[in-house]
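Structure, as structure tokens:
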Amino acid sequence: MMKTTHKWLSSYIETGLDAAQMASALTLSGTEVEVSEVVGDDTAYTLEVTSNRTDCLSAIGLARELSAVTGKPVKIPQPNYPTNGKAASVSSVHIESDALAGCPYYTAHIIEGIKVRQSPAWLRARLEAIGLKPINNVVDVTNFVLFETGQPLHAFDLNKLSGRKIIVRMARPKERFKPIADRKNRGVLELDASTLVICDAERPHAVGGVMGGGDSEVTEKTTAILLESAYFEPASIRATSRRLELASDSSFRFERGVDPHNVVHAGKRAVELILEHAGGDALEGMLEGGVKPKRVKREIPLTTALIKRVLGADISLRRAAEILTALGLDCGGAGTPSVGVVFGSPQTTNAATSLSATVPSFRRDLEQPVDLVEEIGRVHGLDNIPARLAMRVNSAPMTRRQHVRGILRRTLCGMGFYEGLSDSFVSAKGALADYSPFGDAAVRLEARKPINEELPALRRNLLASLMLALQTNQRHGTNQPRLFELAHVYLPSNNGASVGERESLALIGADYHEVKGVVESLLRVLKSKDTLAVEAATHAAFTPGSAAKLKLGDNLLGIIGEASASLMKDFGCEGACGLAELDFEVLAAAWVETPKFVEPARFPAAQRDLAVVLDARKTWSEVEVVAKKAGGALLREATLFDEFRGKQIAPGKKSLAFSLTFRHDERTLTTEEVQAAVDAVVAALKAIGGELRA
């Protein structure tokens with residue numbers, strides 16, 4: 001975030017735009033003004049600045065953006081002030097060798113004889129408009145210059161520095177430091193050897209690039225200051241700020257990378273303003289530590305062909321050079337033909353098709369020719385680029401898996417189910433932690449450093465994810481949601497050769513029978529040719545006697561069951577629910593893409609109902625297979641409609657009542673033919689221990 005005001009920006013560039021027009025111009029150029037509010041006689045802007053545009057974390061940087069849009073020149077203040085005496089005779093700066101990586105360059109100015117008091121009205125108004133509390137004329141100047149130039153500064157009370165000198169070094173283990181401001185009000189912080197500190201001859205007075213210390217802050221009694229302007233490496237500041245949980249406007253800029261060549265200018269600008277508003281004498285000579293950064297000439301070539309290829313618009317080289325020049329680039333480099341840099345009207349020959357732009361140090365984000373094209377496009381205005389429907393898009397045909405996913409989703413949503421999308425990480429505890437409907441031999445994968453310590457394991461099933469969804473829904477008042485999830489589970493091999501990623505479909509409904517009905521409906525929609533078989537299964541997650549393995553032909557389709565009371569309790573859920581998890585690969589293989597046309601029956605069907613008493617361990621699927629085999633080609637359908645256990649039925653037995661539907665495609669069946677088929681079915685059922693119920 002960056003804050004500034006309409007009047008503040010207008011002091012560097014005369015755009016002729018009112019507050020609303022200026023906000024619009026900044027937003028359309030790519031630096032979005034998120035909030036615009038009237039503060040006194042000014043308008044304050046809060047801007048969203050991307051992390052690579054640290055140059056826009058300053059009023060001058062934003063003024064350059066306006067210059068590119070409006071063509072008006074930017075007036076950057078050039079500091080000029082008298083000096084007196086020698087700074088080197090009063091103080092010194094030294095950077096220890098192990099601290100050079102974190103602070104390659106450090107400068108300081110000495111000002112003596114100052115009078116610390118309230119800042120002038122204009123300066124207080126500038127800071128208050130962006131939400132800063134004025135402190136005094138010295139501190140306020142450092143804050144003002146920070147927001148003007150983007151370069152953080154810090155002023156030390158020179159007389160509070162032991163030895164009147166600055167030493168930049170790494171902190172000693174358990175060294176103590178008292179920050180000026182700490183949101184956690186911890187008072188004194190304990191540092192470690194990875195923290196860069198700014199010290200006097202005895203102790204730390206600032207955490208480099210992050211925050212100054214309370215022991216040397218500028219007060220009304222201060223008469224001499226040492227003004228710091230330095231360059232700190234972003235990685236060092238970012239790590240220190242997070243480790244100490246200290247943040248400031250300075251650390252916000254340093255950790256994103258400031259312009260190292262702005263260090264000297266910003267320091268001198270602050271000296272000029274302090275002399276103007278606090279008086280005193282600036283001692284001649286800037287104190288320096290480390291190595292002053294060398295200016296490296298970075299040239300990027302640009303052609304009109306690239307501009308047209310990327311933007312799809314004919315933007316002249318003259319217009320491109322005009323935009324880049326306004327943004328601070330030098331377009332009069334070694335390119336052929338050369339392009340002049342007269343502001344607002346770069347000159348090119350009629351044959352010009354390329355240029356070479358020299359990138360300023362404050363634009364670290366510009367590295368390739370396409371970066372220059374992006375700058376040209378956003379300033380020229382994407383709304384000014386004509387839309388051409390020349391792009392041809394050829395969509396790839398859907399795969400079998402994609403088709404089946406769509407069929408399953410549409411069908412389930414049409415049946416009143418809602419799709420869930422859950423985390424792949426689940427709890428490593430509970431009845432479902434190690435369970436998989438597709439085999440329990442695989443090892444469990446856990447994250448070494450999980451984001452959520454309560455959910456460290458990659459899921460082996462989707463049932464646990466749906467139980468968590470049920471828990472969340474019940475807490476919000478939806479007691480019995482119908483949910484499904486189509487996602488991956490992970491069943492790695494024991495030797496770790498494969499992660500065993502596979503796709504599953506899981507369902508949660510009111511009870512076992514509802515979920516089983518849904519599974520059967522899905523198979524009908526997929527036009528599966530195979531018969532669904534049900535085999536009894538047991539697991540602690542399911543109620544005894546209410547769980548089964550599902551087989552489709554010779555393939556294991558999945559598991560179905562009613563959640564046990566202990567499972568409901570483990571997940572903090574109430575009531576009961578039915579669960580199922582199906583192998584998506586089996587479902588995909590079962591889909592008949594082009595169903596065969598079957599002529600509607602022209603002759604009536606004959607229906608007979610039977611009730612058979614047999615062993616309680618026998619499943620309906622077993623009975624159905626036997627009945628269909630015995631009934632032959634005439635038996636078209638066998639449908640269970642009742643299962644009964646009670647006093648009238650012997651212990652260990654149960655009664656299954658079902659209907660048999662017979663039909664012939666070419667004629668009407670006779671009573672004798674139907675009865676013969678029924679007798680064959682009854683005989684087959686007696687062979688497996690069944691008896692007709694009276």
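In the structure tokens, the first chain shown is A, the next is B, and so on; residue numbers restart at 1 for each chain, and ligands run from 1 in the order shown.
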(message) Need the shell around stretch 16-28 of chain A: protein/DNA/RNA residues with any atom at most 7 Å away, counting only C-alpha atoms. Skip same-chain ones fewer than 6 positions apart. Format as a ChimeraX atom specification?
(response) /A:6,43,66
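Taking atom CA of A:Glu202 and atom CA of A:Val264 as endpoints, the distance between them is 27.1 Å.
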(message) Which residues are close to stretch 508-524 of chain A, i.e. within 8 Å by only C-alpha atoms, leaving aside same-chain residues fewer than 3 positions away? Reply as a PyMOL selection string.
(response) chain A and resi 408+411+466+480-484+527-528+532+546+560-562+576-580+587+590
(message) Which residues are close to A:Ile323, i.e. within 12 Å by only C-alpha atoms, leaving aside same-chain residues fewer than 6 positions away? Reply as number ranges by chain.
(response) A: 29, 64-73, 315-317, 329-331, 341-346, 357, 372-381
Write the selection just made, keeping N, CA, C and O atoms, as a short mmCIF file (atom, residue, chain, number, x, y, z; two decimals), in the first residue's frame?
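Okay, part_38.cif is ready:
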data_model
loop_
_atom_site.label_atom_id
_atom_site.label_comp_id
_atom_site.auth_asym_id
_atom_site.auth_seq_id
_atom_site.Cartn_x
_atom_site.Cartn_y
_atom_site.Cartn_z
N SER A 29 -3.48 3.85 -15.58
CA SER A 29 -2.09 3.59 -15.95
C SER A 29 -1.57 2.31 -15.32
O SER A 29 -0.46 1.88 -15.62
N ARG A 64 5.95 10.35 -11.87
CA ARG A 64 6.45 9.87 -13.17
C ARG A 64 5.34 9.15 -13.92
O ARG A 64 5.25 9.25 -15.15
N GLU A 65 4.52 8.37 -13.19
CA GLU A 65 3.40 7.69 -13.84
C GLU A 65 2.45 8.71 -14.47
O GLU A 65 1.99 8.54 -15.60
N LEU A 66 2.15 9.78 -13.73
CA LEU A 66 1.27 10.82 -14.26
C LEU A 66 1.91 11.53 -15.44
O LEU A 66 1.22 11.92 -16.39
N SER A 67 3.23 11.69 -15.39
CA SER A 67 3.93 12.33 -16.50
C SER A 67 3.78 11.52 -17.78
O SER A 67 3.56 12.08 -18.87
N ALA A 68 3.86 10.20 -17.65
CA ALA A 68 3.72 9.34 -18.82
C ALA A 68 2.32 9.43 -19.42
O ALA A 68 2.14 9.37 -20.64
N VAL A 69 1.32 9.60 -18.55
CA VAL A 69 -0.07 9.66 -19.01
C VAL A 69 -0.41 11.02 -19.60
O VAL A 69 -1.10 11.12 -20.62
N THR A 70 0.07 12.08 -18.94
CA THR A 70 -0.34 13.44 -19.34
C THR A 70 0.66 14.15 -20.24
O THR A 70 0.32 15.14 -20.90
N GLY A 71 1.93 13.66 -20.27
CA GLY A 71 2.95 14.34 -21.06
C GLY A 71 3.54 15.55 -20.37
O GLY A 71 4.35 16.27 -20.96
N LYS A 72 3.16 15.83 -19.12
CA LYS A 72 3.70 16.97 -18.37
C LYS A 72 5.01 16.58 -17.68
O LYS A 72 5.16 15.44 -17.24
N PRO A 73 5.97 17.50 -17.57
CA PRO A 73 7.26 17.16 -16.95
C PRO A 73 7.16 17.07 -15.43
O PRO A 73 6.33 17.70 -14.80
N ILE A 315 1.65 0.98 -32.80
CA ILE A 315 2.09 2.13 -32.00
C ILE A 315 3.44 2.55 -32.54
O ILE A 315 4.39 1.76 -32.59
N SER A 316 3.53 3.81 -32.95
CA SER A 316 4.76 4.29 -33.60
C SER A 316 5.91 4.29 -32.61
O SER A 316 5.73 4.34 -31.39
N LEU A 317 7.14 4.21 -33.16
CA LEU A 317 8.33 4.25 -32.32
C LEU A 317 8.43 5.59 -31.60
O LEU A 317 8.90 5.67 -30.47
N LEU A 329 13.12 6.46 -18.60
CA LEU A 329 14.10 5.73 -19.38
C LEU A 329 14.78 6.66 -20.39
O LEU A 329 14.19 7.67 -20.80
N ASP A 330 16.00 6.34 -20.77
CA ASP A 330 16.73 7.12 -21.76
C ASP A 330 16.66 6.38 -23.09
O ASP A 330 17.22 5.30 -23.24
N CYS A 331 15.96 6.96 -24.04
CA CYS A 331 15.79 6.31 -25.34
C CYS A 331 16.74 6.85 -26.38
O CYS A 331 16.52 6.70 -27.58
N VAL A 341 15.85 12.58 -27.01
CA VAL A 341 15.16 12.50 -25.73
C VAL A 341 14.59 13.85 -25.32
O VAL A 341 14.48 14.16 -24.16
N VAL A 342 14.23 14.67 -26.30
CA VAL A 342 13.54 15.91 -25.97
C VAL A 342 12.19 15.55 -25.37
O VAL A 342 11.40 14.84 -25.98
N PHE A 343 11.95 16.01 -24.13
CA PHE A 343 10.75 15.55 -23.41
C PHE A 343 9.49 15.88 -24.20
O PHE A 343 9.28 16.99 -24.65
N GLY A 344 8.65 14.84 -24.30
CA GLY A 344 7.34 15.03 -24.93
C GLY A 344 7.38 14.93 -26.44
O GLY A 344 6.35 14.83 -27.07
N SER A 345 8.60 14.95 -27.06
CA SER A 345 8.62 14.87 -28.52
C SER A 345 9.89 14.19 -29.00
O SER A 345 10.72 14.80 -29.66
N PRO A 346 10.10 12.91 -28.66
CA PRO A 346 11.28 12.20 -29.16
C PRO A 346 11.28 12.20 -30.69
O PRO A 346 10.23 12.06 -31.33
N ALA A 357 16.63 1.33 -25.14
CA ALA A 357 16.26 2.13 -23.97
C ALA A 357 17.16 1.78 -22.79
O ALA A 357 17.35 0.60 -22.47
N LEU A 372 9.17 -3.67 -21.63
CA LEU A 372 8.97 -2.32 -22.19
C LEU A 372 7.63 -2.25 -22.94
O LEU A 372 6.92 -1.25 -22.87
N VAL A 373 7.30 -3.33 -23.62
CA VAL A 373 6.02 -3.37 -24.34
C VAL A 373 4.87 -3.25 -23.35
O VAL A 373 3.87 -2.56 -23.61
N GLU A 374 4.98 -3.91 -22.21
CA GLU A 374 3.93 -3.83 -21.18
C GLU A 374 3.77 -2.40 -20.69
O GLU A 374 2.65 -1.91 -20.51
N GLU A 375 4.90 -1.70 -20.48
CA GLU A 375 4.84 -0.31 -20.05
C GLU A 375 4.14 0.55 -21.10
O GLU A 375 3.30 1.39 -20.78
N ILE A 376 4.50 0.33 -22.34
CA ILE A 376 3.89 1.11 -23.42
C ILE A 376 2.40 0.83 -23.49
O ILE A 376 1.57 1.74 -23.62
N GLY A 377 2.02 -0.42 -23.37
CA GLY A 377 0.61 -0.80 -23.46
C GLY A 377 -0.24 -0.20 -22.36
O GLY A 377 -1.33 0.34 -22.63
N ARG A 378 0.24 -0.25 -21.11
CA ARG A 378 -0.58 0.27 -20.01
C ARG A 378 -0.69 1.78 -20.04
O ARG A 378 -1.74 2.34 -19.68
N VAL A 379 0.37 2.47 -20.47
CA VAL A 379 0.30 3.93 -20.53
C VAL A 379 -0.48 4.39 -21.76
O VAL A 379 -1.29 5.32 -21.68
N HIS A 380 -0.26 3.74 -22.88
CA HIS A 380 -1.02 4.09 -24.08
C HIS A 380 -2.51 3.85 -23.84
O HIS A 380 -3.36 4.60 -24.35
N GLY A 381 -2.81 2.84 -23.02
CA GLY A 381 -4.21 2.55 -22.68
C GLY A 381 -4.70 1.32 -23.41
O GLY A 381 -4.79 1.32 -24.64
#
Give me the residues near stretch 210-214 of chain A as a tab-separated table (two decimals) with N, CA, C and O atoms, in the first residue's frame, where near means some atom within 8 Å (using only C-alpha atoms) and where sequence neighbours in that chain fewer than 4 positions away do not count.
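Once written, out24.tsv looks like this:
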chain	number	residue	atom	x	y	z
A	154	HIS	N	16.73	7.71	8.98
A	154	HIS	CA	16.56	7.71	10.43
A	154	HIS	C	17.51	8.75	11.03
A	154	HIS	O	18.67	8.86	10.63
A	177	PHE	N	17.64	-4.84	22.87
A	177	PHE	CA	17.34	-3.65	22.08
A	177	PHE	C	15.94	-3.16	22.42
A	177	PHE	O	14.99	-3.94	22.50
A	178	LYS	N	15.81	-1.84	22.57
A	178	LYS	CA	14.52	-1.23	22.89
A	178	LYS	C	14.03	-0.44	21.67
A	178	LYS	O	14.55	0.62	21.35
A	179	PRO	N	13.00	-0.96	20.94
A	179	PRO	CA	12.51	-0.26	19.75
A	179	PRO	C	11.69	0.98	20.11
A	179	PRO	O	11.10	1.07	21.19
A	180	ILE	N	11.64	1.94	19.16
A	180	ILE	CA	10.84	3.14	19.38
A	180	ILE	C	9.36	2.79	19.48
A	180	ILE	O	8.63	3.31	20.31
A	181	ALA	N	8.92	1.88	18.60
A	181	ALA	CA	7.50	1.51	18.58
A	181	ALA	C	7.38	0.01	18.38
A	181	ALA	O	8.03	-0.56	17.51
A	204	PRO	N	23.35	-1.46	20.57
A	204	PRO	CA	22.53	-1.18	19.39
A	204	PRO	C	21.59	0.00	19.61
A	204	PRO	O	21.03	0.16	20.69
A	205	HIS	N	21.41	0.80	18.56
A	205	HIS	CA	20.45	1.90	18.59
A	205	HIS	C	19.41	1.79	17.48
A	205	HIS	O	18.50	2.63	17.40
A	206	ALA	N	19.52	0.75	16.65
A	206	ALA	CA	18.51	0.50	15.61
A	206	ALA	C	18.71	-0.91	15.07
A	206	ALA	O	19.83	-1.43	15.06
A	237	ILE	N	16.36	-7.83	5.44
A	237	ILE	CA	15.31	-7.06	6.13
A	237	ILE	C	14.05	-7.88	6.27
A	237	ILE	O	13.40	-7.88	7.33
A	240	THR	N	14.53	-10.45	9.06
A	240	THR	CA	14.61	-9.83	10.39
A	240	THR	C	13.25	-9.31	10.84
A	240	THR	O	12.84	-9.50	11.99
A	241	SER	N	12.53	-8.66	9.94
A	241	SER	CA	11.21	-8.11	10.28
A	241	SER	C	10.25	-9.21	10.73
A	241	SER	O	9.53	-9.06	11.72
A	246	LEU	N	8.52	-7.17	13.88
A	246	LEU	CA	8.58	-5.70	13.85
A	246	LEU	C	8.39	-5.27	12.40
A	246	LEU	O	9.03	-5.82	11.50
A	247	ALA	N	7.52	-4.32	12.17
A	247	ALA	CA	7.29	-3.82	10.81
A	247	ALA	C	7.17	-2.31	10.85
A	247	ALA	O	6.71	-1.73	11.84
A	248	SER	N	7.59	-1.68	9.77
A	248	SER	CA	7.51	-0.21	9.67
A	248	SER	C	7.43	0.16	8.20
A	248	SER	O	7.60	-0.68	7.31
A	250	SER	N	9.60	1.77	6.75
A	250	SER	CA	10.96	1.55	6.24
A	250	SER	C	11.15	0.11	5.82
A	250	SER	O	11.61	-0.18	4.71
A	251	SER	N	10.82	-0.83	6.71
A	251	SER	CA	11.01	-2.24	6.38
A	251	SER	C	10.14	-2.64	5.19
A	251	SER	O	10.54	-3.48	4.37
(request) Work out how far apart atom CA of A:Pro173 and atom CA of A:Glu190 are and give it in Å to one decimal. (result) 8.2 Å
(request) Give the answer as one residue: which of A:Met286, A:Val38, A:Ile130, A:Ala633 has the shortest atom-to-atom distance to A:Thr83, using only C-alpha atoms? (result) A:Met286
(request) Can you work out the spacing between atom CA of A:Leu132 and atom CA of A:Ile60 in Å, to one decimal? (result) 18.7 Å
Residues at most 7 Å from A:Val207, counting only C-alpha atoms, excluding those fewer than 5 positions away in the same chain, as a CSV table (one decimal) with N, CA and C atoms, in the first residue's frame?
chain,number,residue,atom,x,y,z
A,196,LEU,N,20.9,-7.7,11.9
A,196,LEU,CA,21.8,-6.6,11.6
A,196,LEU,C,21.4,-5.4,12.4
A,197,VAL,N,22.4,-4.8,13.1
A,197,VAL,CA,22.1,-3.7,14.0
A,197,VAL,C,23.0,-2.5,13.7
A,198,ILE,N,22.5,-1.3,14.1
A,198,ILE,CA,23.2,0.0,13.9
A,198,ILE,C,23.6,0.4,15.4
A,212,GLY,N,14.2,2.2,14.5
A,212,GLY,CA,15.2,2.8,15.4
A,212,GLY,C,14.9,2.5,16.8
(request) List every residue of stretch 574-608 of chain A that DSSP, applied to the backbone, labels as alpha helix (DSSP H), and write the result as a VMD selection string. (result) chain A and resid 584 to 590
(message) Let's see if you can do this: from backbone DSSP, list all strand (DSSP E or B) residues in stretch 21-248 of chain A, as a ChimeraX atom specification.
(response) /A:32-39,42-48,83-86,93-95,105-112,153-157,166-170,176-177,179,189-190,196-199,204-207,211-213,224-231
(message) Applying 9 Å and only C-alpha atoms, which residues near stretch 650-667 of chain A remain after dropping the ones on its own chain fewer than 6 positions away? List them as a VMD selection string.
(response) chain A and resid 601 to 618 620 627 631 633 to 644 674 677 to 678 693
Store the residues of this selection in a file with N, CA and C atoms, as an mmCIF file, in the first residue's frame.
data_model
loop_
_atom_site.group_PDB
_atom_site.id
_atom_site.type_symbol
_atom_site.label_atom_id
_atom_site.label_comp_id
_atom_site.auth_asym_id
_atom_site.auth_seq_id
_atom_site.Cartn_x
_atom_site.Cartn_y
_atom_site.Cartn_z
ATOM 1 N N ALA A 601 -41.130 -52.454 -26.158
ATOM 2 C CA ALA A 601 -41.857 -53.735 -26.149
ATOM 3 C C ALA A 601 -43.244 -53.576 -26.771
ATOM 4 N N ARG A 602 -43.575 -54.515 -27.660
ATOM 5 C CA ARG A 602 -44.891 -54.469 -28.324
ATOM 6 C C ARG A 602 -45.906 -55.407 -27.665
ATOM 7 N N PHE A 603 -45.400 -56.318 -26.810
ATOM 8 C CA PHE A 603 -46.286 -57.299 -26.180
ATOM 9 C C PHE A 603 -46.242 -57.130 -24.664
ATOM 10 N N PRO A 604 -47.348 -57.404 -23.996
ATOM 11 C CA PRO A 604 -47.436 -57.155 -22.557
ATOM 12 C C PRO A 604 -46.535 -58.078 -21.751
ATOM 13 N N ALA A 605 -46.147 -57.562 -20.564
ATOM 14 C CA ALA A 605 -45.334 -58.354 -19.643
ATOM 15 C C ALA A 605 -46.246 -59.073 -18.661
ATOM 16 N N ALA A 606 -45.714 -60.171 -18.127
ATOM 17 C CA ALA A 606 -46.425 -60.923 -17.077
ATOM 18 C C ALA A 606 -45.606 -60.820 -15.799
ATOM 19 N N GLN A 607 -46.247 -60.482 -14.699
ATOM 20 C CA GLN A 607 -45.521 -60.261 -13.442
ATOM 21 C C GLN A 607 -46.010 -61.249 -12.383
ATOM 22 N N ARG A 608 -45.071 -61.815 -11.618
ATOM 23 C CA ARG A 608 -45.387 -62.701 -10.522
ATOM 24 C C ARG A 608 -44.567 -62.280 -9.307
ATOM 25 N N ASP A 609 -45.181 -62.365 -8.121
ATOM 26 C CA ASP A 609 -44.499 -62.034 -6.871
ATOM 27 C C ASP A 609 -44.221 -63.309 -6.102
ATOM 28 N N LEU A 610 -43.036 -63.370 -5.512
ATOM 29 C CA LEU A 610 -42.652 -64.512 -4.692
ATOM 30 C C LEU A 610 -42.121 -64.021 -3.362
ATOM 31 N N ALA A 611 -42.279 -64.785 -2.307
ATOM 32 C CA ALA A 611 -41.664 -64.534 -0.996
ATOM 33 C C ALA A 611 -40.925 -65.799 -0.607
ATOM 34 N N VAL A 612 -39.643 -65.717 -0.376
ATOM 35 C CA VAL A 612 -38.807 -66.881 -0.098
ATOM 36 C C VAL A 612 -38.119 -66.708 1.244
ATOM 37 N N VAL A 613 -38.175 -67.764 2.059
ATOM 38 C CA VAL A 613 -37.456 -67.786 3.331
ATOM 39 C C VAL A 613 -36.147 -68.534 3.111
ATOM 40 N N LEU A 614 -35.035 -67.909 3.519
ATOM 41 C CA LEU A 614 -33.734 -68.541 3.333
ATOM 42 C C LEU A 614 -32.757 -68.042 4.380
ATOM 43 N N ASP A 615 -31.549 -68.562 4.344
ATOM 44 C CA ASP A 615 -30.526 -68.222 5.340
ATOM 45 C C ASP A 615 -30.301 -66.708 5.369
ATOM 46 N N ALA A 616 -30.231 -66.161 6.609
ATOM 47 C CA ALA A 616 -30.084 -64.706 6.763
ATOM 48 C C ALA A 616 -28.792 -64.179 6.169
ATOM 49 N N ARG A 617 -27.813 -65.074 5.962
ATOM 50 C CA ARG A 617 -26.535 -64.628 5.413
ATOM 51 C C ARG A 617 -26.570 -64.472 3.894
ATOM 52 N N LYS A 618 -27.602 -64.996 3.282
ATOM 53 C CA LYS A 618 -27.721 -64.858 1.840
ATOM 54 C C LYS A 618 -28.088 -63.418 1.467
ATOM 55 N N TRP A 620 -29.340 -60.421 -1.361
ATOM 56 C CA TRP A 620 -30.254 -60.304 -2.496
ATOM 57 C C TRP A 620 -29.525 -60.489 -3.823
ATOM 58 N N ALA A 627 -31.999 -66.490 -9.609
ATOM 59 C CA ALA A 627 -33.323 -66.361 -10.222
ATOM 60 C C ALA A 627 -33.222 -66.052 -11.711
ATOM 61 N N GLY A 631 -34.624 -68.397 -14.644
ATOM 62 C CA GLY A 631 -35.754 -67.873 -15.407
ATOM 63 C C GLY A 631 -35.508 -67.829 -16.891
ATOM 64 N N ALA A 633 -34.342 -66.688 -20.749
ATOM 65 C CA ALA A 633 -34.499 -65.497 -21.580
ATOM 66 C C ALA A 633 -35.817 -64.788 -21.348
ATOM 67 N N LEU A 634 -36.808 -65.490 -20.838
ATOM 68 C CA LEU A 634 -38.106 -64.853 -20.630
ATOM 69 C C LEU A 634 -38.116 -63.924 -19.415
ATOM 70 N N LEU A 635 -37.263 -64.210 -18.426
ATOM 71 C CA LEU A 635 -37.231 -63.380 -17.212
ATOM 72 C C LEU A 635 -36.421 -62.116 -17.503
ATOM 73 N N ARG A 636 -37.083 -60.991 -17.546
ATOM 74 C CA ARG A 636 -36.421 -59.724 -17.901
ATOM 75 C C ARG A 636 -35.960 -58.934 -16.678
ATOM 76 N N GLU A 637 -36.623 -59.090 -15.542
ATOM 77 C CA GLU A 637 -36.260 -58.265 -14.388
ATOM 78 C C GLU A 637 -36.683 -58.950 -13.102
ATOM 79 N N ALA A 638 -35.836 -58.863 -12.082
ATOM 80 C CA ALA A 638 -36.163 -59.351 -10.737
ATOM 81 C C ALA A 638 -35.933 -58.191 -9.778
ATOM 82 N N THR A 639 -36.965 -57.775 -9.045
ATOM 83 C CA THR A 639 -36.886 -56.574 -8.203
ATOM 84 C C THR A 639 -37.292 -56.898 -6.773
ATOM 85 N N LEU A 640 -36.365 -56.649 -5.838
ATOM 86 C CA LEU A 640 -36.656 -56.861 -4.414
ATOM 87 C C LEU A 640 -37.517 -55.714 -3.911
ATOM 88 N N PHE A 641 -38.604 -56.046 -3.182
ATOM 89 C CA PHE A 641 -39.411 -54.959 -2.624
ATOM 90 C C PHE A 641 -39.644 -55.101 -1.123
ATOM 91 N N ASP A 642 -39.166 -56.200 -0.484
ATOM 92 C CA ASP A 642 -39.344 -56.311 0.966
ATOM 93 C C ASP A 642 -38.368 -57.341 1.531
ATOM 94 N N GLU A 643 -37.857 -57.006 2.706
ATOM 95 C CA GLU A 643 -37.039 -57.943 3.486
ATOM 96 C C GLU A 643 -37.602 -57.961 4.895
ATOM 97 N N PHE A 644 -37.858 -59.193 5.436
ATOM 98 C CA PHE A 644 -38.548 -59.282 6.731
ATOM 99 C C PHE A 644 -37.859 -60.291 7.634
ATOM 100 N N VAL A 674 -45.393 -68.881 -18.454
ATOM 101 C CA VAL A 674 -44.985 -68.078 -17.301
ATOM 102 C C VAL A 674 -44.838 -68.973 -16.075
ATOM 103 N N ALA A 677 -41.666 -71.021 -16.045
ATOM 104 C CA ALA A 677 -40.482 -70.225 -15.698
ATOM 105 C C ALA A 677 -40.429 -69.948 -14.199
ATOM 106 N N VAL A 678 -41.613 -69.667 -13.605
ATOM 107 C CA VAL A 678 -41.670 -69.428 -12.155
ATOM 108 C C VAL A 678 -41.250 -70.689 -11.414
ATOM 109 N N ARG A 693 -42.528 -68.925 1.099
ATOM 110 C CA ARG A 693 -43.221 -68.555 2.329
ATOM 111 C C ARG A 693 -44.726 -68.660 2.105
#
